[in-house]
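Have a look at data31.cif; it's mmCIF, C-alpha atoms and all ligand atoms:
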data_protein
#
loop_
_atom_site.label_atom_id
_atom_site.label_comp_id
_atom_site.auth_asym_id
_atom_site.auth_seq_id
_atom_site.Cartn_x
_atom_site.Cartn_y
_atom_site.Cartn_z
CA MET A 28 22.74 2.09 31.79
CA ASN A 29 20.56 0.14 29.39
CA THR A 30 19.10 2.44 26.75
CA ALA A 31 17.89 0.11 23.97
CA ILE A 32 14.24 -0.68 23.31
CA LEU A 33 13.29 -3.82 21.40
CA GLY A 34 10.25 -3.44 19.12
CA ILE A 35 8.17 -6.41 17.95
CA GLU A 36 5.48 -6.17 15.25
CA SER A 37 3.10 -9.00 14.28
CA SER A 38 -0.34 -7.45 13.73
CA CYS A 39 -0.93 -8.68 10.19
CA ASP A 40 1.31 -10.18 7.51
CA GLU A 41 4.69 -8.67 8.34
CA SER A 42 6.94 -10.06 11.07
CA ALA A 43 9.35 -7.39 12.21
CA ALA A 44 11.84 -6.55 14.95
CA ALA A 45 13.85 -3.41 15.66
CA ILE A 46 16.13 -1.82 18.24
CA TYR A 47 15.64 1.87 19.02
CA ASP A 48 18.20 3.37 21.35
CA VAL A 49 17.16 6.27 23.56
CA GLU A 50 20.49 8.01 22.88
CA LYS A 51 21.57 6.72 19.47
CA GLY A 52 18.20 6.40 17.70
CA LEU A 53 17.35 3.48 15.42
CA MET A 54 20.14 0.89 15.59
CA ALA A 55 18.76 -2.07 13.67
CA HIS A 56 15.55 -3.25 12.07
CA ALA A 57 14.40 -6.24 10.08
CA ILE A 58 11.15 -7.04 8.31
CA TYR A 59 9.96 -10.33 6.88
CA SER A 60 6.96 -10.00 4.57
CA GLN A 61 4.58 -12.94 4.32
CA VAL A 62 3.35 -11.85 0.88
CA ALA A 63 4.39 -15.15 -0.74
CA VAL A 64 2.53 -17.17 1.93
CA HIS A 65 -0.79 -15.46 1.15
CA ALA A 66 -0.37 -14.70 -2.58
CA ASP A 67 -2.29 -17.79 -3.79
CA TYR A 68 -5.31 -16.78 -1.68
CA GLY A 69 -5.44 -13.14 -2.83
CA GLY A 70 -5.52 -11.91 0.77
CA VAL A 71 -4.18 -12.58 4.25
CA VAL A 72 -5.17 -15.97 5.75
CA PRO A 73 -5.10 -15.34 9.53
CA GLU A 74 -4.10 -18.85 10.65
CA LEU A 75 -1.21 -18.98 8.15
CA ALA A 76 -0.13 -15.52 9.31
CA SER A 77 0.01 -16.62 12.98
CA ARG A 78 2.03 -19.74 12.16
CA ASP A 79 4.51 -17.80 10.08
CA HIS A 80 5.03 -15.25 12.87
CA VAL A 81 5.88 -18.18 15.17
CA ARG A 82 8.54 -19.32 12.68
CA LYS A 83 10.02 -15.92 11.84
CA LEU A 84 9.88 -13.59 14.83
CA THR A 85 12.51 -15.21 17.04
CA PRO A 86 15.25 -15.26 14.35
CA LEU A 87 14.37 -11.65 13.45
CA ILE A 88 14.76 -10.59 17.09
CA GLU A 89 18.09 -12.44 17.30
CA ARG A 90 19.23 -10.73 14.10
CA VAL A 91 18.49 -7.16 15.23
CA ARG A 92 20.02 -7.77 18.65
CA ALA A 93 23.19 -9.02 16.98
CA GLU A 94 23.23 -6.15 14.45
CA ALA A 95 22.91 -3.63 17.27
CA GLY A 96 25.78 -5.35 19.14
CA HIS A 97 23.65 -7.11 21.80
CA PRO A 98 22.83 -3.94 23.76
CA GLY A 99 21.32 -4.19 27.22
CA LEU A 100 17.56 -3.67 26.95
CA ALA A 101 15.75 -0.86 28.75
CA GLY A 102 12.38 -2.17 27.62
CA ILE A 103 10.33 -4.16 25.15
CA ALA A 104 7.54 -2.72 22.99
CA TYR A 105 5.23 -5.12 21.16
CA THR A 106 2.14 -4.40 19.05
CA ARG A 107 -0.86 -4.99 21.30
CA GLY A 108 -3.44 -4.13 18.60
CA PRO A 109 -5.43 -3.53 16.51
CA GLY A 110 -4.92 -6.45 14.13
CA LEU A 111 -5.45 -10.18 13.66
CA VAL A 112 -5.79 -11.61 17.13
CA GLY A 113 -3.79 -14.81 16.52
CA ALA A 114 -0.98 -12.85 14.89
CA LEU A 115 -0.94 -10.30 17.72
CA LEU A 116 -0.81 -13.08 20.33
CA VAL A 117 2.46 -14.38 18.86
CA GLY A 118 4.21 -11.02 19.33
CA ALA A 119 2.57 -10.45 22.72
CA SER A 120 3.68 -13.90 23.98
CA LEU A 121 7.24 -13.25 22.85
CA GLY A 122 7.18 -9.82 24.46
CA VAL A 123 5.97 -11.20 27.79
CA GLY A 124 8.40 -14.14 27.68
CA LEU A 125 11.40 -11.93 26.93
CA SER A 126 10.31 -9.36 29.51
CA GLU A 127 10.17 -12.04 32.21
CA GLY A 128 13.27 -13.92 31.03
CA LEU A 129 15.45 -10.81 30.72
CA ASP A 130 13.77 -8.98 33.59
CA VAL A 131 13.02 -5.79 31.65
CA PRO A 132 9.75 -3.82 31.54
CA LEU A 133 7.38 -3.91 28.59
CA ILE A 134 4.61 -2.00 26.91
CA GLY A 135 1.85 -2.98 24.47
CA VAL A 136 1.80 -0.40 21.68
CA HIS A 137 -1.08 0.75 19.46
CA HIS A 138 -0.18 -0.13 15.86
CA MET A 139 -1.80 2.99 14.39
CA GLU A 140 0.00 5.26 16.84
CA GLY A 141 3.16 3.65 15.48
CA HIS A 142 2.17 4.64 11.92
CA LEU A 143 1.23 8.17 13.08
CA LEU A 144 4.65 8.70 14.67
CA SER A 145 6.72 6.86 12.02
CA PRO A 146 7.92 9.98 10.08
CA ARG A 147 9.61 11.11 13.31
CA LEU A 148 12.17 8.34 12.81
CA GLU A 149 13.63 10.19 9.84
CA ASP A 150 16.48 12.72 9.74
CA ASN A 151 14.19 15.70 9.18
CA PRO A 152 11.36 14.84 11.60
CA PRO A 153 8.12 16.85 11.51
CA ASP A 154 7.42 18.93 14.60
CA LEU A 155 4.09 18.50 16.34
CA PRO A 156 1.28 19.35 15.72
CA TYR A 157 0.56 17.90 12.29
CA LEU A 158 -2.20 16.43 10.19
CA ALA A 159 -1.75 12.75 9.36
CA LEU A 160 -3.19 10.93 6.37
CA LEU A 161 -3.14 7.27 7.32
CA VAL A 162 -3.76 5.10 4.28
CA SER A 163 -3.29 1.36 4.61
CA GLY A 164 -4.97 -1.92 3.75
CA GLY A 165 -7.24 -1.64 6.77
CA HIS A 166 -7.55 2.10 7.42
CA THR A 167 -8.20 5.42 5.73
CA LEU A 168 -7.99 8.14 8.35
CA LEU A 169 -7.29 11.83 8.63
CA VAL A 170 -6.01 12.44 12.14
CA TYR A 171 -5.04 15.70 13.76
CA VAL A 172 -2.00 14.92 15.92
CA ALA A 173 -1.88 17.75 18.45
CA GLY A 174 0.73 15.89 20.53
CA ILE A 175 1.69 12.34 21.44
CA GLY A 176 -1.53 10.68 22.61
CA HIS A 177 -3.68 13.66 21.51
CA TYR A 178 -5.38 12.24 18.44
CA GLN A 179 -8.50 13.65 16.85
CA ILE A 180 -10.00 11.71 13.95
CA ILE A 181 -11.41 14.24 11.51
CA GLY A 182 -12.08 11.98 8.55
CA ARG A 183 -12.41 8.25 7.88
CA SER A 184 -13.66 5.85 5.24
CA VAL A 185 -17.30 4.90 5.65
CA ASP A 186 -16.70 1.63 3.78
CA ASP A 187 -13.55 0.18 2.13
CA ALA A 188 -10.08 1.35 3.08
CA VAL A 189 -8.10 2.86 0.23
CA GLY A 190 -5.52 0.03 0.25
CA GLU A 191 -8.39 -2.43 0.06
CA ALA A 192 -9.73 -0.56 -3.00
CA PHE A 193 -6.29 -0.96 -4.64
CA ASP A 194 -6.25 -4.66 -3.72
CA LYS A 195 -9.79 -5.27 -5.07
CA THR A 196 -9.07 -3.30 -8.25
CA ALA A 197 -5.99 -5.46 -8.81
CA LYS A 198 -8.12 -8.58 -8.37
CA THR A 199 -10.76 -7.31 -10.83
CA LEU A 200 -8.04 -6.52 -13.38
CA GLY A 201 -6.19 -9.81 -12.81
CA LEU A 202 -3.07 -8.00 -11.63
CA GLY A 203 -1.97 -10.14 -8.71
CA TYR A 204 -1.32 -9.51 -5.04
CA PRO A 205 -0.60 -7.24 -3.24
CA GLY A 206 -2.70 -4.94 -5.33
CA GLY A 207 -1.27 -1.50 -4.62
CA PRO A 208 2.12 -1.89 -6.29
CA ALA A 209 0.56 -4.02 -9.09
CA VAL A 210 -2.03 -1.34 -9.94
CA ALA A 211 0.61 1.41 -9.76
CA CYS A 212 2.85 -0.57 -12.12
CA ALA A 213 0.06 -1.25 -14.64
CA ALA A 214 -0.97 2.42 -14.46
CA GLU A 215 2.43 3.52 -15.77
CA THR A 216 1.46 2.69 -19.36
CA GLY A 217 -2.17 3.79 -18.99
CA ASP A 218 -4.03 7.03 -19.62
CA PRO A 219 -5.35 8.50 -16.31
CA THR A 220 -8.07 10.42 -18.22
CA ALA A 221 -9.35 7.42 -20.21
CA TYR A 222 -12.18 6.64 -17.74
CA ASP A 223 -14.17 9.24 -15.87
CA PHE A 224 -14.34 7.47 -12.51
CA PRO A 225 -16.05 9.15 -9.53
CA ARG A 226 -14.12 11.19 -6.95
CA PRO A 227 -16.34 9.92 -4.11
CA MET A 228 -17.69 12.34 -1.51
CA THR A 229 -15.63 15.26 -2.75
CA ARG A 230 -18.69 17.41 -3.56
CA ASN A 231 -20.14 17.28 -0.06
CA PRO A 232 -18.30 19.31 2.54
CA GLY A 233 -17.07 16.66 5.04
CA MET A 234 -13.74 14.91 5.30
CA ASN A 235 -14.94 11.30 5.21
CA PHE A 236 -14.11 8.93 2.38
CA SER A 237 -15.98 6.19 0.52
CA PHE A 238 -14.32 3.84 -1.93
CA SER A 239 -16.92 1.15 -2.60
CA GLY A 240 -18.60 3.10 -5.44
CA LEU A 241 -15.26 3.55 -7.15
CA LYS A 242 -14.66 -0.18 -6.84
CA THR A 243 -18.01 -0.86 -8.56
CA ALA A 244 -17.18 1.65 -11.32
CA VAL A 245 -13.92 -0.25 -11.94
CA LYS A 246 -15.82 -3.55 -12.11
CA LEU A 247 -18.26 -2.14 -14.68
CA ALA A 248 -15.41 -0.71 -16.78
CA ALA A 249 -13.55 -4.03 -16.70
CA GLY A 250 -16.57 -6.13 -17.82
CA GLY A 251 -15.90 -8.60 -20.66
CA THR A 252 -12.26 -9.25 -21.46
CA PRO A 253 -10.35 -5.97 -21.38
CA SER A 254 -7.24 -5.66 -23.56
CA SER A 255 -3.93 -5.01 -21.85
CA GLN A 256 -4.16 -1.33 -22.87
CA GLU A 257 -7.66 -1.14 -21.36
CA VAL A 258 -6.35 -2.71 -18.15
CA ALA A 259 -3.57 -0.10 -18.00
CA ASP A 260 -6.07 2.71 -18.69
CA ILE A 261 -8.47 1.47 -15.98
CA ALA A 262 -5.58 1.14 -13.48
CA ALA A 263 -4.32 4.66 -14.30
CA SER A 264 -7.81 6.20 -14.15
CA PHE A 265 -8.58 4.44 -10.86
CA GLN A 266 -5.28 5.57 -9.33
CA GLN A 267 -5.93 9.14 -10.48
CA ALA A 268 -9.43 9.10 -8.95
CA VAL A 269 -7.95 7.95 -5.62
CA VAL A 270 -5.13 10.52 -5.73
CA ASP A 271 -7.57 13.36 -6.57
CA THR A 272 -9.92 12.31 -3.77
CA LEU A 273 -7.13 12.10 -1.18
CA THR A 274 -5.56 15.43 -2.17
CA ILE A 275 -8.92 17.25 -2.08
CA LYS A 276 -9.64 15.92 1.42
CA CYS A 277 -6.13 16.73 2.67
CA HIS A 278 -6.49 20.29 1.41
CA ARG A 279 -9.77 20.64 3.29
CA ALA A 280 -8.48 19.03 6.47
CA LEU A 281 -5.35 21.21 6.59
CA ASP A 282 -7.63 24.23 6.31
CA VAL A 283 -9.98 23.08 9.06
CA CYS A 284 -7.13 22.23 11.47
CA GLY A 285 -5.06 25.26 10.57
CA ALA A 286 -2.13 22.85 10.18
CA SER A 287 0.96 23.62 8.12
CA ARG A 288 2.45 20.11 8.20
CA LEU A 289 1.05 16.94 6.65
CA ILE A 290 2.45 13.48 7.23
CA VAL A 291 1.46 10.49 5.12
CA ALA A 292 1.80 7.00 6.53
CA GLY A 293 0.56 3.47 5.81
CA GLY A 294 1.19 1.24 2.79
CA VAL A 295 -0.59 3.45 0.23
CA GLY A 296 1.81 6.25 1.25
CA ALA A 297 4.37 4.42 -0.90
CA ASN A 298 2.36 5.35 -4.02
CA GLN A 299 4.49 7.62 -6.19
CA ARG A 300 1.61 9.32 -7.98
CA LEU A 301 0.12 10.30 -4.60
CA ARG A 302 3.50 11.61 -3.42
CA ASP A 303 3.96 13.68 -6.57
CA ALA A 304 0.46 15.17 -6.31
CA LEU A 305 0.85 16.05 -2.62
CA GLY A 306 4.30 17.48 -3.32
CA ASP A 307 2.83 19.78 -6.01
CA GLN A 308 -0.01 20.78 -3.72
CA ALA A 309 2.39 21.49 -0.83
CA ALA A 310 4.51 23.73 -3.09
CA THR A 311 1.55 25.79 -4.31
CA GLU A 312 -0.35 25.97 -1.01
CA GLY A 313 2.65 26.45 1.28
CA PHE A 314 2.51 23.46 3.59
CA GLU A 315 5.18 20.85 4.31
CA VAL A 316 4.71 17.15 3.65
CA PHE A 317 6.62 14.36 5.39
CA TYR A 318 6.85 10.61 4.80
CA PRO A 319 8.58 7.78 6.53
CA ARG A 320 11.13 6.02 4.28
CA SER A 321 9.26 3.58 2.02
CA GLU A 322 10.01 0.42 4.06
CA PHE A 323 8.49 2.19 7.09
CA CYS A 324 5.31 3.13 5.16
CA THR A 325 4.23 -0.49 5.45
CA ASP A 326 4.20 -2.43 8.71
CA ASN A 327 7.51 -2.41 10.59
CA ALA A 328 8.88 -2.69 14.11
CA ALA A 329 10.96 0.51 14.06
CA MET A 330 7.74 2.50 14.58
CA ILE A 331 6.73 0.17 17.42
CA ALA A 332 10.10 0.51 19.19
CA TYR A 333 9.94 4.30 18.69
CA THR A 334 6.40 4.49 20.11
CA GLY A 335 7.61 2.40 23.06
CA TYR A 336 10.34 4.99 23.55
CA CYS A 337 7.76 7.83 23.48
CA ARG A 338 5.77 5.94 26.12
CA GLN A 339 8.70 4.67 28.14
CA SER A 340 7.21 6.16 31.31
CA GLU A 341 4.33 3.66 30.99
CA MET A 342 6.50 0.54 30.69
CA LYS A 343 5.78 -2.02 33.39
CA ARG A 344 7.12 -5.32 34.68
CA SER A 345 5.21 -8.19 33.10
CA ASP A 346 2.34 -9.56 35.15
CA GLY A 347 2.31 -12.67 32.96
CA VAL A 348 -0.87 -11.63 31.13
CA ILE A 349 -0.64 -12.04 27.36
CA ASP A 350 -2.63 -9.09 26.21
CA ALA A 351 -3.78 -8.47 22.64
CA ARG A 352 -6.63 -6.30 21.34
CA ALA A 353 -8.03 -7.09 17.89
CA ARG A 354 -10.06 -3.88 18.04
CA TRP A 355 -8.69 -0.83 19.77
CA PRO A 356 -9.94 2.65 18.82
CA LEU A 357 -7.15 5.19 18.40
CA THR A 358 -9.21 7.67 20.39
CA ASP A 359 -8.88 5.41 23.47
CA LEU A 360 -5.27 6.59 23.76
CA ALA A 361 -4.18 9.34 26.13
CA PRO A 362 -0.88 11.23 26.35
CA PRO A 363 1.96 9.28 28.02
CA GLY A 364 1.43 8.94 31.74
CA VAL A 365 -2.18 10.13 31.70
CA GLN A 366 -4.69 7.58 32.97
CA LEU A 367 -8.11 7.71 31.31
CA THR A 368 -10.99 7.27 33.73
O1 LIG B 1 0.22 -0.35 6.07
P1 LIG B 1 0.16 -1.64 5.30
O2 LIG B 1 1.44 -2.38 5.04
O3 LIG B 1 -0.72 -2.71 6.00
C1 LIG B 1 -1.82 -2.45 6.77
O4 LIG B 1 -1.63 -2.20 7.99
O5 LIG B 1 -2.92 -2.49 6.16
O6 LIG B 1 -0.59 -1.32 3.92
C2 LIG B 1 -0.81 -2.32 2.93
C3 LIG B 1 -1.67 -1.72 1.82
C4 LIG B 1 -2.14 -2.75 0.82
O7 LIG B 1 -3.53 -2.58 0.59
C5 LIG B 1 -1.32 -2.43 -0.45
O8 LIG B 1 -2.00 -2.78 -1.64
C6 LIG B 1 -1.13 -0.93 -0.31
O9 LIG B 1 -0.91 -0.73 1.09
N1 LIG B 1 0.04 -0.44 -1.07
C7 LIG B 1 -0.05 0.45 -2.09
C8 LIG B 1 1.27 0.62 -2.60
N2 LIG B 1 2.12 -0.17 -1.85
C9 LIG B 1 1.33 -0.80 -0.92
N3 LIG B 1 -1.09 1.09 -2.62
C10 LIG B 1 -0.87 1.93 -3.64
N4 LIG B 1 0.35 2.12 -4.20
C11 LIG B 1 1.44 1.51 -3.71
N5 LIG B 1 2.64 1.72 -4.27
ZN ZN B 2 -0.18 -0.99 9.36
#

Would you give me this structure, written as structure tokens?
Amino acid sequence: MNTAILGIESSCDESAAAIYDVEKGLMAHAIYSQVAVHADYGGVVPELASRDHVRKLTPLIERVRAEAGHPGLAGIAYTRGPGLVGALLVGASLGVGLSEGLDVPLIGVHHMEGHLLSPRLEDNPPDLPYLALLVSGGHTLLVYVAGIGHYQIIGRSVDDAVGEAFDKTAKTLGLGYPGGPAVACAAETGDPTAYDFPRPMTRNPGMNFSFSGLKTAVKLAAGGTPSSQEVADIAASFQQAVVDTLTIKCHRALDVCGASRLIVAGGVGANQRLRDALGDQAATEGFEVFYPRSEFCTDNAAMIAYTGYCRQSEMKRSDGVIDARARWPLTDLAPPGVQLT
């Protein structure tokens, strides 16, 4: 019996493929990052992203199929959305073509559901329910995951995403792209108490976030020509303001949900200072915190193949329609097999 699921990810600037086996778990995965393609522009250029997916996805799929020993496929899971529509269409077209050519069913997966479930790929997977902090270049969300397909958004950014704030801070400080790792690196030699940056929206009771004021505070602090020590101090103080804000909101959200498990996913989840702070908080407050391995914090196809596995009952023969959704609210999802009216 065929038990392998091929995952394809192409929602933004990573091309990725993976094989998740229903019995053996993750068998192979490969990620190609387009960082170098977009570096000169300081951000993702959608048309360049689409073209690079066209070049890279097929060899990546070949590679993971070979690494997994060319298993028979039980299904194909591709990222249907949300994301850049041209980039999504590349993965969707490949998914439909392979589904028809190999005569296996397919499913279009929600990218954020992939992130939400990604820590379950690890050896010590978190049991459901859990609270998820999803922090990426495009999203800052606190989601209560009661079960697969039962997602309640309890906090979100009202303006910039936290990864975007890292990227813009890096730009302001002349630290290169992508901003998150560059700011974290500069912060290592800086003093996190040097600048008293705001911890936005932590005094009012809700669980929403706002990062545009912090971005402006960084711009004001970096006016003129800051010395390299000042740059390090601003980076460290900014990072500390973000970490404090996120930990305060997580504490509140865990309380409100009555949850004892926190998972952190999305690119900013790779930030070591954030991990250390949440680890300390978990130890003193008695909750558990889980992360995907660092290469699965950022975009990857292992989480897409795994989500396809969780929703295997919804896989269907291709009807030839190449289906991508640039916008797709997470709350539109239902548990596997449940049709929303
Ligand atoms: O999840 P992801 O790969 O892509 C999206 O779906 O958005 O997240 C990318 C974001 C970028 O904004 C990047 O600057 C940030 O994650 N990031 C980090 C770190 N590594 C990546 N931010 C802070 N610290 C890091 N170590
Ligand atoms: Zn992502």

If I take CA of His138 in chain A and CA of Ala329 in chain A, how far is one from the other in Å, to one decimal?
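Computed distance, CA of His138 in chain A to CA of Ala329 in chain A, equals 11.3 Å.
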
Using all atoms listed in the file, collect all residues at a distance of at most 9 Å from (6.6, -12.3, 26.3) as written in the file, then present them as a PyMOL selection string.
chain A and resi 105+117-128+133+345+347-349

Centre, x/y/z edge lengths, axis-aligned box for ligand LIG 1 (chain B) with 4 Å per side, as lines of an AutoDock Vina configuration file:
center_x = -0.4
center_y = -0.3
center_z = 1.9
size_x = 14.2
size_y = 12.9
size_z = 20.3

Find the spatial neighbours of Asp194 in chain A, counting only C-alpha atoms, within a cut-off of 8 Å - ignore same-chain residues fewer than 3 positions away - and output them as a PDB file with C-alpha atoms, in the frame of the given file.
ATOM      1  CA  GLY A 190      -5.520   0.030   0.250  1.00  0.00           C
ATOM      2  CA  GLU A 191      -8.390  -2.430   0.060  1.00  0.00           C
ATOM      3  CA  ALA A 197      -5.990  -5.460  -8.810  1.00  0.00           C
ATOM      4  CA  LYS A 198      -8.120  -8.580  -8.370  1.00  0.00           C
ATOM      5  CA  TYR A 204      -1.320  -9.510  -5.040  1.00  0.00           C
ATOM      6  CA  PRO A 205      -0.600  -7.240  -3.240  1.00  0.00           C
ATOM      7  CA  GLY A 206      -2.700  -4.940  -5.330  1.00  0.00           C
ATOM      8  CA  GLY A 207      -1.270  -1.500  -4.620  1.00  0.00           C
TER       9      GLY A 207
END

Could you pull out the residues sitting within 10 Å of ligand LIG 1 (chain B), using only C-alpha atoms and all ligand atoms, and write them as JSON, numbers by chain?
{"A": [38, 39, 40, 41, 60, 70, 109, 110, 138, 139, 142, 161, 162, 163, 164, 165, 166, 167, 188, 189, 190, 191, 192, 193, 194, 195, 196, 197, 204, 205, 206, 207, 208, 209, 210, 211, 212, 266, 269, 270, 292, 293, 294, 295, 296, 297, 298, 299, 300, 301, 302, 321, 322, 323, 324, 325, 326, 327]}

Would you output that residue set with C-alpha atoms, as a PDB file, in the coordinates of the input?
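Dumped everything to again-v6.pdb:
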ATOM      1  CA  SER A  38      -0.340  -7.450  13.730  1.00  0.00           C
ATOM      2  CA  CYS A  39      -0.930  -8.680  10.190  1.00  0.00           C
ATOM      3  CA  ASP A  40       1.310 -10.180   7.510  1.00  0.00           C
ATOM      4  CA  GLU A  41       4.690  -8.670   8.340  1.00  0.00           C
ATOM      5  CA  SER A  60       6.960 -10.000   4.570  1.00  0.00           C
ATOM      6  CA  GLY A  70      -5.520 -11.910   0.770  1.00  0.00           C
ATOM      7  CA  PRO A 109      -5.430  -3.530  16.510  1.00  0.00           C
ATOM      8  CA  GLY A 110      -4.920  -6.450  14.130  1.00  0.00           C
ATOM      9  CA  HIS A 138      -0.180  -0.130  15.860  1.00  0.00           C
ATOM     10  CA  MET A 139      -1.800   2.990  14.390  1.00  0.00           C
ATOM     11  CA  HIS A 142       2.170   4.640  11.920  1.00  0.00           C
ATOM     12  CA  LEU A 161      -3.140   7.270   7.320  1.00  0.00           C
ATOM     13  CA  VAL A 162      -3.760   5.100   4.280  1.00  0.00           C
ATOM     14  CA  SER A 163      -3.290   1.360   4.610  1.00  0.00           C
ATOM     15  CA  GLY A 164      -4.970  -1.920   3.750  1.00  0.00           C
ATOM     16  CA  GLY A 165      -7.240  -1.640   6.770  1.00  0.00           C
ATOM     17  CA  HIS A 166      -7.550   2.100   7.420  1.00  0.00           C
ATOM     18  CA  THR A 167      -8.200   5.420   5.730  1.00  0.00           C
ATOM     19  CA  ALA A 188     -10.080   1.350   3.080  1.00  0.00           C
ATOM     20  CA  VAL A 189      -8.100   2.860   0.230  1.00  0.00           C
ATOM     21  CA  GLY A 190      -5.520   0.030   0.250  1.00  0.00           C
ATOM     22  CA  GLU A 191      -8.390  -2.430   0.060  1.00  0.00           C
ATOM     23  CA  ALA A 192      -9.730  -0.560  -3.000  1.00  0.00           C
ATOM     24  CA  PHE A 193      -6.290  -0.960  -4.640  1.00  0.00           C
ATOM     25  CA  ASP A 194      -6.250  -4.660  -3.720  1.00  0.00           C
ATOM     26  CA  LYS A 195      -9.790  -5.270  -5.070  1.00  0.00           C
ATOM     27  CA  THR A 196      -9.070  -3.300  -8.250  1.00  0.00           C
ATOM     28  CA  ALA A 197      -5.990  -5.460  -8.810  1.00  0.00           C
ATOM     29  CA  TYR A 204      -1.320  -9.510  -5.040  1.00  0.00           C
ATOM     30  CA  PRO A 205      -0.600  -7.240  -3.240  1.00  0.00           C
ATOM     31  CA  GLY A 206      -2.700  -4.940  -5.330  1.00  0.00           C
ATOM     32  CA  GLY A 207      -1.270  -1.500  -4.620  1.00  0.00           C
ATOM     33  CA  PRO A 208       2.120  -1.890  -6.290  1.00  0.00           C
ATOM     34  CA  ALA A 209       0.560  -4.020  -9.090  1.00  0.00           C
ATOM     35  CA  VAL A 210      -2.030  -1.340  -9.940  1.00  0.00           C
ATOM     36  CA  ALA A 211       0.610   1.410  -9.760  1.00  0.00           C
ATOM     37  CA  CYS A 212       2.850  -0.570 -12.120  1.00  0.00           C
ATOM     38  CA  GLN A 266      -5.280   5.570  -9.330  1.00  0.00           C
ATOM     39  CA  VAL A 269      -7.950   7.950  -5.620  1.00  0.00           C
ATOM     40  CA  VAL A 270      -5.130  10.520  -5.730  1.00  0.00           C
ATOM     41  CA  ALA A 292       1.800   7.000   6.530  1.00  0.00           C
ATOM     42  CA  GLY A 293       0.560   3.470   5.810  1.00  0.00           C
ATOM     43  CA  GLY A 294       1.190   1.240   2.790  1.00  0.00           C
ATOM     44  CA  VAL A 295      -0.590   3.450   0.230  1.00  0.00           C
ATOM     45  CA  GLY A 296       1.810   6.250   1.250  1.00  0.00           C
ATOM     46  CA  ALA A 297       4.370   4.420  -0.900  1.00  0.00           C
ATOM     47  CA  ASN A 298       2.360   5.350  -4.020  1.00  0.00           C
ATOM     48  CA  GLN A 299       4.490   7.620  -6.190  1.00  0.00           C
ATOM     49  CA  ARG A 300       1.610   9.320  -7.980  1.00  0.00           C
ATOM     50  CA  LEU A 301       0.120  10.300  -4.600  1.00  0.00           C
ATOM     51  CA  ARG A 302       3.500  11.610  -3.420  1.00  0.00           C
ATOM     52  CA  SER A 321       9.260   3.580   2.020  1.00  0.00           C
ATOM     53  CA  GLU A 322      10.010   0.420   4.060  1.00  0.00           C
ATOM     54  CA  PHE A 323       8.490   2.190   7.090  1.00  0.00           C
ATOM     55  CA  CYS A 324       5.310   3.130   5.160  1.00  0.00           C
ATOM     56  CA  THR A 325       4.230  -0.490   5.450  1.00  0.00           C
ATOM     57  CA  ASP A 326       4.200  -2.430   8.710  1.00  0.00           C
ATOM     58  CA  ASN A 327       7.510  -2.410  10.590  1.00  0.00           C
TER      59      ASN A 327
END

For range 228-238 of chain A: contacts at 6 Å, only C-alpha atoms, fewer than 5 positions along chain excluded, given as a compact mmCIF listing (two decimals) with C-alpha atoms, in the coordinates of the input:
# COMPACT_ATOMS: atom_id res chain seq x y z
CA GLY A 182 -12.08 11.98 8.55
CA ARG A 183 -12.41 8.25 7.88
CA SER A 184 -13.66 5.85 5.24
CA VAL A 185 -17.30 4.90 5.65
CA ASP A 186 -16.70 1.63 3.78
CA ASP A 187 -13.55 0.18 2.13
CA LYS A 276 -9.64 15.92 1.42

Close residues, Pro73 in chain A itself excluded, 9 Å, all atoms listed in the file, min 2 positions apart in chain, as a PyMOL selection string:
chain A and resi 39-40+71+75-78+111-114

Might you pull out every residue within 12 Å of Gly313 in chain A, with only C-alpha atoms counted and same-chain residues fewer than 2 positions away left off, and present them as a ChimeraX atom specification?
/A:278,281-282,286-289,305-311,315-316

Write to file, as a CSV table (one decimal), keeping the file's coordinate frame, the residues of the selection just made, with C-alpha atoms.
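Okay, part.csv is ready:
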chain,number,residue,atom,x,y,z
A,278,HIS,CA,-6.5,20.3,1.4
A,281,LEU,CA,-5.4,21.2,6.6
A,282,ASP,CA,-7.6,24.2,6.3
A,286,ALA,CA,-2.1,22.8,10.2
A,287,SER,CA,1.0,23.6,8.1
A,288,ARG,CA,2.4,20.1,8.2
A,289,LEU,CA,1.0,16.9,6.6
A,305,LEU,CA,0.8,16.0,-2.6
A,306,GLY,CA,4.3,17.5,-3.3
A,307,ASP,CA,2.8,19.8,-6.0
A,308,GLN,CA,0.0,20.8,-3.7
A,309,ALA,CA,2.4,21.5,-0.8
A,310,ALA,CA,4.5,23.7,-3.1
A,311,THR,CA,1.6,25.8,-4.3
A,315,GLU,CA,5.2,20.8,4.3
A,316,VAL,CA,4.7,17.2,3.6

Contacts of Cys284 in chain A at 9 Å (all atoms listed in the file; same-chain gap of 3+ positions) as a PyMOL selection string:
chain A and resi 157-158+171+279-281+287

Find the distance between CA of Leu115 in chain A and CA of Asp67 in chain A and write it in Å to one decimal.
22.8 Å

Tell me, in Å to one decimal, how far CA of Glu341 in chain A is from CA of Pro363 in chain A.
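Between CA of Glu341 in chain A and CA of Pro363 in chain A the gap works out to 6.8 Å.
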